[in-house]
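For reference, coords34.cif is printed below; it contains mmCIF, C-alpha atoms.
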data_target
#
loop_
_atom_site.label_atom_id
_atom_site.label_comp_id
_atom_site.auth_asym_id
_atom_site.auth_seq_id
_atom_site.Cartn_x
_atom_site.Cartn_y
_atom_site.Cartn_z
CA ALA V 188 100.43 59.50 11.96
CA THR V 189 103.02 58.56 9.32
CA GLN V 190 103.99 55.40 11.22
CA TYR V 191 100.32 54.47 11.68
CA ASP V 192 99.58 54.93 7.96
CA ALA V 193 102.59 52.82 7.01
CA ARG V 194 101.66 50.03 9.44
CA ALA V 195 98.03 50.05 8.28
CA MET V 196 99.11 49.87 4.64
CA MET V 197 101.46 46.97 5.40
CA MET V 198 98.74 45.09 7.29
CA THR V 199 96.19 45.70 4.53
CA SER V 200 98.61 44.43 1.88
CA SER V 201 99.54 41.35 3.91
CA VAL V 202 95.97 40.40 4.78
CA ALA V 203 94.81 40.94 1.19
CA SER V 204 97.60 38.68 -0.06
CA VAL V 205 96.72 35.95 2.45
CA ALA V 206 93.02 36.23 1.63
CA THR V 207 93.78 35.96 -2.09
CA LEU V 208 95.93 32.88 -1.59
CA ARG V 209 93.29 31.26 0.62
CA SER V 210 90.60 32.08 -1.93
CA ARG V 211 92.63 30.54 -4.75
CA SER V 212 93.47 27.49 -2.63
CA SER V 213 89.82 26.98 -1.65
CA ALA V 214 88.68 27.36 -5.25
CA ALA V 215 91.27 24.81 -6.41
CA MET V 216 90.24 22.32 -3.73
CA ARG V 217 86.54 22.74 -4.50
CA GLY V 218 87.13 22.32 -8.20
CA GLY V 219 89.73 19.59 -7.91
CA GLY V 220 92.08 21.61 -10.09
CA VAL V 221 91.71 22.25 -13.81
CA GLY V 222 89.49 19.62 -15.38
CA GLY V 223 88.51 18.15 -11.99
CA ALA V 224 85.28 20.03 -11.36
CA GLY V 225 83.54 18.96 -8.18
CA ARG V 226 85.70 15.85 -7.66
CA GLY V 227 88.00 16.92 -4.82
CA ALA V 228 91.64 17.90 -4.67
CA ARG V 229 94.28 15.88 -6.51
CA VAL V 230 97.16 14.71 -4.31
CA SER V 231 100.65 13.96 -5.59
CA ARG V 232 101.75 10.34 -5.25
CA PRO V 233 105.42 9.45 -4.64
CA GLY V 234 107.03 8.27 -7.86
CA GLY V 235 104.63 10.16 -10.07
CA GLY V 236 100.93 9.90 -10.80
CA CYS V 237 98.21 11.10 -8.49
CA ARG V 238 95.28 9.95 -6.43
CA ARG V 239 92.11 11.58 -5.24
CA ALA V 240 91.95 12.93 -1.70
CA GLY V 241 90.36 10.26 0.46
CA GLY V 242 92.40 7.42 -0.99
CA ASP V 243 91.84 4.99 -3.84
CA GLY V 244 90.04 1.88 -2.64
CA ASP V 245 88.74 3.68 0.45
CA ASP V 246 84.95 3.35 0.77
CA GLY V 247 84.79 6.57 2.81
CA GLY V 248 86.77 8.38 0.13
CA ARG V 249 84.49 7.07 -2.63
CA ARG V 250 81.38 8.10 -0.71
CA ALA V 251 82.88 11.55 -0.13
CA ARG V 252 83.64 11.90 -3.83
CA ARG V 253 80.09 10.91 -4.76
CA ARG V 254 78.72 13.47 -2.32
CA MET V 255 80.98 16.16 -3.76
CA ARG V 256 79.90 15.37 -7.31
CA GLY V 257 76.23 15.42 -6.36
CA ALA V 258 76.29 18.48 -4.09
CA PRO V 259 79.01 21.03 -4.95
CA ARG V 260 79.64 23.90 -2.57
CA ALA V 261 77.66 27.02 -3.44
CA LEU V 262 79.34 30.09 -4.85
CA PHE V 263 77.75 33.03 -6.61
CA THR V 264 79.09 35.89 -8.71
CA GLY V 265 76.59 38.66 -7.97
CA LEU V 266 75.46 38.71 -11.61
CA VAL V 267 71.71 38.20 -11.34
CA GLN V 268 70.44 35.89 -14.08
CA GLY V 269 66.87 37.11 -14.05
CA LYS V 270 63.65 37.41 -12.09
CA ALA V 271 61.49 34.57 -10.76
CA ARG V 272 57.82 34.83 -9.79
CA VAL V 273 56.48 33.85 -6.36
CA GLU V 274 53.97 31.06 -7.07
CA ALA V 275 53.32 30.04 -3.47
CA PHE V 276 54.40 31.00 0.05
CA GLU V 277 53.29 28.71 2.88
CA THR V 278 54.02 29.68 6.49
CA LEU V 279 53.95 27.19 9.38
CA ASP V 280 53.86 28.53 12.96
CA GLY V 281 55.82 31.63 11.93
CA GLU V 282 59.09 29.70 12.20
CA PHE V 283 59.14 27.80 8.93
CA ALA V 284 57.98 28.56 5.41
CA ARG V 285 58.00 26.89 2.00
CA LEU V 286 58.64 29.12 -1.00
CA THR V 287 57.80 28.05 -4.56
CA LEU V 288 59.12 30.09 -7.46
CA GLY V 289 58.31 30.04 -11.15
CA PHE V 290 61.39 30.42 -13.38
CA PRO V 291 61.86 31.37 -17.04
CA SER V 292 62.04 28.48 -19.52
CA GLY V 293 65.37 26.61 -19.46
CA THR V 294 66.56 28.05 -16.15
CA LEU V 295 66.14 24.79 -14.19
CA ASP V 296 67.71 22.51 -16.79
CA GLY V 297 69.89 19.94 -14.97
CA ILE V 298 69.14 21.25 -11.49
CA ARG V 299 68.98 18.64 -8.71
CA ILE V 300 67.34 18.35 -5.34
CA GLY V 301 69.87 19.82 -2.89
CA ALA V 302 71.28 22.33 -5.38
CA SER V 303 71.80 25.94 -4.28
CA VAL V 304 70.11 28.98 -5.78
CA ALA V 305 70.57 32.58 -4.62
CA VAL V 306 67.13 34.16 -4.14
CA ASN V 307 67.41 37.90 -3.51
CA GLY V 308 71.00 37.13 -2.58
CA THR V 309 70.06 34.43 -0.04
CA CYS V 310 71.51 30.96 -0.63
CA LEU V 311 68.59 28.50 -0.59
CA THR V 312 68.44 24.74 -1.15
CA VAL V 313 66.16 23.23 -3.77
CA THR V 314 63.72 20.77 -2.11
CA ARG V 315 61.35 20.15 -5.02
CA VAL V 316 61.31 20.60 -8.79
CA ASP V 317 57.90 20.87 -10.47
CA GLY V 318 56.35 19.63 -7.21
CA VAL V 319 58.35 16.37 -7.16
CA ASP V 320 60.63 15.44 -4.25
CA ALA V 321 63.34 13.64 -6.21
CA CYS V 322 64.17 14.40 -9.80
CA VAL V 323 66.57 16.24 -12.07
CA GLY V 324 65.22 19.38 -13.68
CA SER V 325 64.91 19.62 -17.46
CA SER V 326 64.65 22.50 -19.89
CA ALA V 327 60.88 22.17 -19.52
CA SER V 328 60.90 22.52 -15.70
CA LYS V 329 59.06 25.58 -14.48
CA THR V 330 59.04 25.67 -10.66
CA ALA V 331 61.36 24.98 -7.75
CA SER V 332 60.59 24.98 -4.02
CA PHE V 333 62.76 26.02 -1.08
CA ASP V 334 62.42 25.70 2.72
CA LEU V 335 62.94 28.82 4.86
CA ILE V 336 63.85 28.41 8.53
CA VAL V 337 63.28 30.97 11.27
CA GLU V 338 66.73 32.60 10.92
CA THR V 339 66.23 33.13 7.19
CA LEU V 340 62.83 34.70 7.85
CA ARG V 341 64.35 36.93 10.53
CA ALA V 342 67.51 38.08 8.77
CA THR V 343 66.28 38.58 5.19
CA ASN V 344 63.42 40.15 3.27
CA LEU V 345 62.12 36.76 2.08
CA GLY V 346 59.55 36.59 4.87
CA LYS V 347 57.77 39.58 3.33
CA LEU V 348 57.28 38.00 -0.10
CA GLN V 349 53.78 37.89 -1.55
CA VAL V 350 52.34 35.58 -4.21
CA GLY V 351 52.74 37.28 -7.59
CA GLY V 352 55.82 39.21 -6.49
CA GLU V 353 59.25 38.83 -8.06
CA VAL V 354 62.73 37.98 -6.76
CA ASN V 355 66.24 38.01 -8.19
CA TYR V 356 67.81 34.63 -8.80
CA GLU V 357 71.24 33.24 -9.64
CA ARG V 358 72.16 29.57 -9.92
CA SER V 359 75.45 28.65 -8.25
CA ALA V 360 78.59 29.18 -10.33
CA ARG V 361 80.61 26.31 -11.76
CA VAL V 362 84.36 25.99 -12.06
CA GLY V 363 85.43 27.95 -15.13
CA ASP V 364 82.50 30.39 -15.07
CA GLU V 365 83.33 34.07 -15.42
CA ILE V 366 83.29 35.98 -12.13
CA GLY V 367 81.94 39.19 -13.61
CA GLY V 368 80.88 40.66 -10.28
CA HIS V 369 82.54 39.55 -7.03
CA THR V 370 82.49 36.40 -4.90
CA VAL V 371 79.15 36.16 -3.09
CA SER V 372 78.35 33.44 -0.54
CA GLY V 373 74.62 33.99 -0.22
CA HIS V 374 74.94 34.56 3.55
CA VAL V 375 72.99 37.77 4.18
CA HIS V 376 74.39 40.01 6.93
CA CYS V 377 71.40 42.30 7.35
CA THR V 378 68.64 44.12 5.52
CA ALA V 379 68.61 47.78 4.51
CA ALA V 380 65.75 50.15 3.85
CA ILE V 381 65.64 52.41 0.80
CA THR V 382 65.54 55.99 2.08
CA ALA V 383 65.82 57.93 -1.18
CA VAL V 384 65.60 57.39 -4.94
CA GLU V 385 66.82 59.97 -7.44
CA ASP V 386 66.34 59.44 -11.18
CA THR V 387 68.28 61.14 -13.95
CA GLU V 388 68.01 60.52 -17.69
CA HIS V 389 70.14 57.35 -17.77
CA ASN V 390 70.87 56.55 -14.13
CA ARG V 391 69.19 55.98 -10.81
CA LYS V 392 70.73 56.87 -7.46
CA VAL V 393 69.43 54.77 -4.55
CA VAL V 394 70.25 55.44 -0.89
CA PHE V 395 70.10 52.60 1.66
CA LYS V 396 70.13 52.63 5.47
CA LEU V 397 71.46 49.52 7.19
CA SER V 398 69.27 47.81 9.80
CA ASP V 399 72.52 47.08 11.69
CA VAL V 400 74.41 50.38 11.64
CA GLY V 401 77.49 48.70 13.15
CA LEU V 402 78.17 47.01 9.79
CA ILE V 403 78.67 50.34 8.01
CA LYS V 404 82.40 50.18 8.81
CA TYR V 405 82.69 47.43 6.19
CA VAL V 406 81.01 49.54 3.50
CA LEU V 407 83.72 51.54 1.71
CA PRO V 408 83.45 53.99 -1.20
CA LYS V 409 84.17 52.19 -4.50
CA GLY V 410 84.01 48.84 -2.68
CA PHE V 411 81.86 45.82 -3.47
CA ILE V 412 78.50 45.08 -1.88
CA SER V 413 75.74 42.59 -2.69
CA VAL V 414 72.25 44.13 -2.77
CA ASP V 415 69.48 41.55 -3.20
CA GLY V 416 72.13 39.38 -4.84
CA CYS V 417 73.40 42.09 -7.24
CA SER V 418 77.11 42.86 -7.18
CA LEU V 419 77.23 46.66 -6.99
CA THR V 420 79.83 49.37 -6.47
CA VAL V 421 79.39 51.58 -3.41
CA GLY V 422 79.11 55.31 -4.05
CA GLU V 423 79.08 57.62 -1.02
CA VAL V 424 79.03 56.40 2.59
CA ASN V 425 77.72 58.19 5.68
CA LYS V 426 79.25 56.42 8.68
CA THR V 427 77.19 58.48 11.14
CA THR V 428 73.74 57.63 9.78
CA GLY V 429 74.64 54.16 8.50
CA GLU V 430 73.69 55.05 4.94
CA PHE V 431 75.31 54.53 1.55
CA ASN V 432 74.25 54.92 -2.06
CA VAL V 433 74.70 53.12 -5.36
CA TRP V 434 74.11 54.12 -8.97
CA LEU V 435 72.08 51.78 -11.17
CA ILE V 436 72.25 51.65 -14.96
CA PRO V 437 69.15 50.92 -17.10
CA GLU V 438 70.22 47.28 -17.67
CA THR V 439 70.31 46.59 -13.92
CA LEU V 440 66.88 48.16 -13.53
CA ARG V 441 65.53 46.01 -16.38
CA VAL V 442 66.99 42.64 -15.34
CA THR V 443 66.58 42.82 -11.55
CA VAL V 444 63.89 43.60 -9.00
CA LEU V 445 65.74 46.79 -8.08
CA GLY V 446 63.86 48.45 -10.94
CA ASN V 447 60.63 47.91 -8.98
CA LYS V 448 61.91 49.02 -5.57
CA SER V 449 60.88 52.32 -4.01
CA VAL V 450 61.39 54.28 -0.78
CA GLY V 451 60.58 52.15 2.26
CA ASP V 452 61.29 48.80 0.61
CA ASP V 453 63.84 46.44 2.16
CA VAL V 454 66.78 44.75 0.42
CA ASN V 455 69.21 42.04 1.55
CA LEU V 456 72.84 43.03 2.05
CA GLU V 457 75.96 40.88 2.07
CA ILE V 458 79.23 42.54 3.03
CA GLU V 459 82.23 41.70 0.83
CA SER V 460 84.15 39.06 2.80
CA GLN V 461 87.74 40.20 2.15
CA THR V 462 86.86 43.76 3.17
CA GLN V 463 85.45 42.42 6.44
CA VAL V 464 88.58 40.34 7.11
CA ILE V 465 90.92 43.27 6.42
CA VAL V 466 88.97 45.74 8.61
CA ASP V 467 88.68 43.26 11.51
CA THR V 468 92.36 42.30 11.30
CA ILE V 469 93.58 45.89 11.32
CA GLU V 470 91.28 46.75 14.23
CA ARG V 471 92.56 43.76 16.21
CA TYR V 472 96.18 44.57 15.35
CA MET V 473 95.76 48.18 16.53
CA ALA V 474 93.92 47.17 19.70
CA GLU V 475 96.60 44.66 20.68
CA ARG V 476 99.26 47.37 20.36
CA GLY V 477 97.25 50.12 22.04
CA MET V 478 97.07 52.20 18.88
#

Represent the structure from my file as structure tokens, please.
Amino acid sequence: ATQYDARAMMMTSSVASVATLRSRSSAAMRGGGVGGAGRGARVSRPGGGCRRAGGDGDDGGRRARRRMRGAPRALFTGLVQGKARVEAFETLDGEFARLTLGFPSGTLDGIRIGASVAVNGTCLTVTRVDGVDACVGSSASKTASFDLIVETLRATNLGKLQVGGEVNYERSARVGDEIGGHTVSGHVHCTAAITAVEDTEHNRKVVFKLSDVGLIKYVLPKGFISVDGCSLTVGEVNKTTGEFNVWLIPETLRVTVLGNKSVGDDVNLEIESQTQVIVDTIERYMAERGM
């Protein structure tokens, strides 16, 4: 048992270090280094100076740089910025839907067609702003539309939205923004049903049951989890029933749709990526050595 604990600790430390380095490397490449937001990685040039990845004078490199500037990779922090109202929900053949949301004033300032917005923790692409196919949003913009494909409708709670309902939203983070929660990709793993709600004077305890119980191995006490796009800390975990709970403060209840959720409602869950990598790596390591 002592040898197993030591090996597991060594593997956890090693994998966490590698994941951290990869995360930092990816962030630097996406941001192009300090002061190079969205413009690609800078590459050292022999004899001093630097050039952009893709090569100066290379048409392909210039096109790639323009694409990167116009469509940065999505990244979210799990800090919900507010609630948006469902203005329209059009379903076509049960396999495709178009969602239109109304946002608070100023939210869509500078947003472009193709930009990413987390809606209840699901990364969606903006297809229209104020009903127009090609424009840049302004501080006066009120609505944005998103297309939902069959997998999104299947794997998330977005297919159950009704006109007049509300959703959490977060615009994608930019280089230099504070990561006050944890890194969230917007790729929902499964939904979870609320099985219990317990209110005290200043807190609310909410219990969730995963639709895919096999994912409960990635949910650890005091670990991160994204619930409808909110970065939350896990409380207790029941591996047998596939349930876990979180505690919500009044501010979370006020700013997010979690304040309106009750027993039986579904939420979107995204497992914290580094936790998943560490658990899978240790399991594979042990299996390969017959442990």

Which polymer residues have any atom within 12 Å of an atom of Gly451 (chain V), counting all atoms listed in the file, with same-chain residues fewer than 5 positions away left out, as a list in words?
-> Thr378, Ala379, Ala380, Ile381, Thr382, Ala383, Val384, Val393, Val394, Phe395 and Lys396 of chain V

Contacts of region 313-316 of chain V at 12 Å (all atoms listed in the file; same-chain gap of 2+ positions) as a PyMOL selection string = chain V and resi 258+285-290+294-306+310-311+318-335+358-359

Preceding selection exported with C-alpha atoms as a PDB file, in the coordinates of the input:
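Wrote it out as again_5.pdb, contents follow:
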ATOM      1  CA  ALA V 258      76.290  18.480  -4.090  1.00  0.00           C
ATOM      2  CA  ARG V 285      58.000  26.890   2.000  1.00  0.00           C
ATOM      3  CA  LEU V 286      58.640  29.120  -1.000  1.00  0.00           C
ATOM      4  CA  THR V 287      57.800  28.050  -4.560  1.00  0.00           C
ATOM      5  CA  LEU V 288      59.120  30.090  -7.460  1.00  0.00           C
ATOM      6  CA  GLY V 289      58.310  30.040 -11.150  1.00  0.00           C
ATOM      7  CA  PHE V 290      61.390  30.420 -13.380  1.00  0.00           C
ATOM      8  CA  THR V 294      66.560  28.050 -16.150  1.00  0.00           C
ATOM      9  CA  LEU V 295      66.140  24.790 -14.190  1.00  0.00           C
ATOM     10  CA  ASP V 296      67.710  22.510 -16.790  1.00  0.00           C
ATOM     11  CA  GLY V 297      69.890  19.940 -14.970  1.00  0.00           C
ATOM     12  CA  ILE V 298      69.140  21.250 -11.490  1.00  0.00           C
ATOM     13  CA  ARG V 299      68.980  18.640  -8.710  1.00  0.00           C
ATOM     14  CA  ILE V 300      67.340  18.350  -5.340  1.00  0.00           C
ATOM     15  CA  GLY V 301      69.870  19.820  -2.890  1.00  0.00           C
ATOM     16  CA  ALA V 302      71.280  22.330  -5.380  1.00  0.00           C
ATOM     17  CA  SER V 303      71.800  25.940  -4.280  1.00  0.00           C
ATOM     18  CA  VAL V 304      70.110  28.980  -5.780  1.00  0.00           C
ATOM     19  CA  ALA V 305      70.570  32.580  -4.620  1.00  0.00           C
ATOM     20  CA  VAL V 306      67.130  34.160  -4.140  1.00  0.00           C
ATOM     21  CA  CYS V 310      71.510  30.960  -0.630  1.00  0.00           C
ATOM     22  CA  LEU V 311      68.590  28.500  -0.590  1.00  0.00           C
ATOM     23  CA  GLY V 318      56.350  19.630  -7.210  1.00  0.00           C
ATOM     24  CA  VAL V 319      58.350  16.370  -7.160  1.00  0.00           C
ATOM     25  CA  ASP V 320      60.630  15.440  -4.250  1.00  0.00           C
ATOM     26  CA  ALA V 321      63.340  13.640  -6.210  1.00  0.00           C
ATOM     27  CA  CYS V 322      64.170  14.400  -9.800  1.00  0.00           C
ATOM     28  CA  VAL V 323      66.570  16.240 -12.070  1.00  0.00           C
ATOM     29  CA  GLY V 324      65.220  19.380 -13.680  1.00  0.00           C
ATOM     30  CA  SER V 325      64.910  19.620 -17.460  1.00  0.00           C
ATOM     31  CA  SER V 326      64.650  22.500 -19.890  1.00  0.00           C
ATOM     32  CA  ALA V 327      60.880  22.170 -19.520  1.00  0.00           C
ATOM     33  CA  SER V 328      60.900  22.520 -15.700  1.00  0.00           C
ATOM     34  CA  LYS V 329      59.060  25.580 -14.480  1.00  0.00           C
ATOM     35  CA  THR V 330      59.040  25.670 -10.660  1.00  0.00           C
ATOM     36  CA  ALA V 331      61.360  24.980  -7.750  1.00  0.00           C
ATOM     37  CA  SER V 332      60.590  24.980  -4.020  1.00  0.00           C
ATOM     38  CA  PHE V 333      62.760  26.020  -1.080  1.00  0.00           C
ATOM     39  CA  ASP V 334      62.420  25.700   2.720  1.00  0.00           C
ATOM     40  CA  LEU V 335      62.940  28.820   4.860  1.00  0.00           C
ATOM     41  CA  ARG V 358      72.160  29.570  -9.920  1.00  0.00           C
ATOM     42  CA  SER V 359      75.450  28.650  -8.250  1.00  0.00           C
TER      43      SER V 359
END

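Our summary of the geometry notes that CA of Ser292 (chain V) is positioned 19.5 Å from CA of Val350 (chain V).
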
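Only residues having an atom at most 10 Å from (81.3, 40.4, 1.8) are included; using all atoms listed in the file, these are His369, Thr370, Val371, Ser372, Gly373, His374, Val375, His376, Tyr405, Val406, Gly410, Phe411, Ile412, Ser413, Leu456, Glu457, Ile458, Glu459, Ser460, Gln461, Thr462, Gln463 and Val464 of chain V.
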
Which distance in Å separates CA of Glu438 (chain V) and CA of Leu266 (chain V), to one decimal?
->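 Going from CA of Glu438 (chain V) over to CA of Leu266 (chain V), I get 11.7 Å.
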
Residue with smallest distance to Thr428 (chain V) - pool V:Leu397, V:Ala360, V:Met478, V:Leu345, counting only C-alpha atoms = V:Leu397

For Gln349 (chain V), the closest of V:Gly401, V:Gly368, V:Glu470, V:Arg272 counting only C-alpha atoms is V:Arg272

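If you measure from each of V:Ile436, V:Leu407, V:Val362, V:Ala342 to Ile465 (chain V) using only C-alpha atoms, the closest one turns out to be V:Leu407.
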
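Atom pair CA of Thr264 (chain V) / CA of Gly416 (chain V) has a distance of 8.7 Å (rounded to one decimal).
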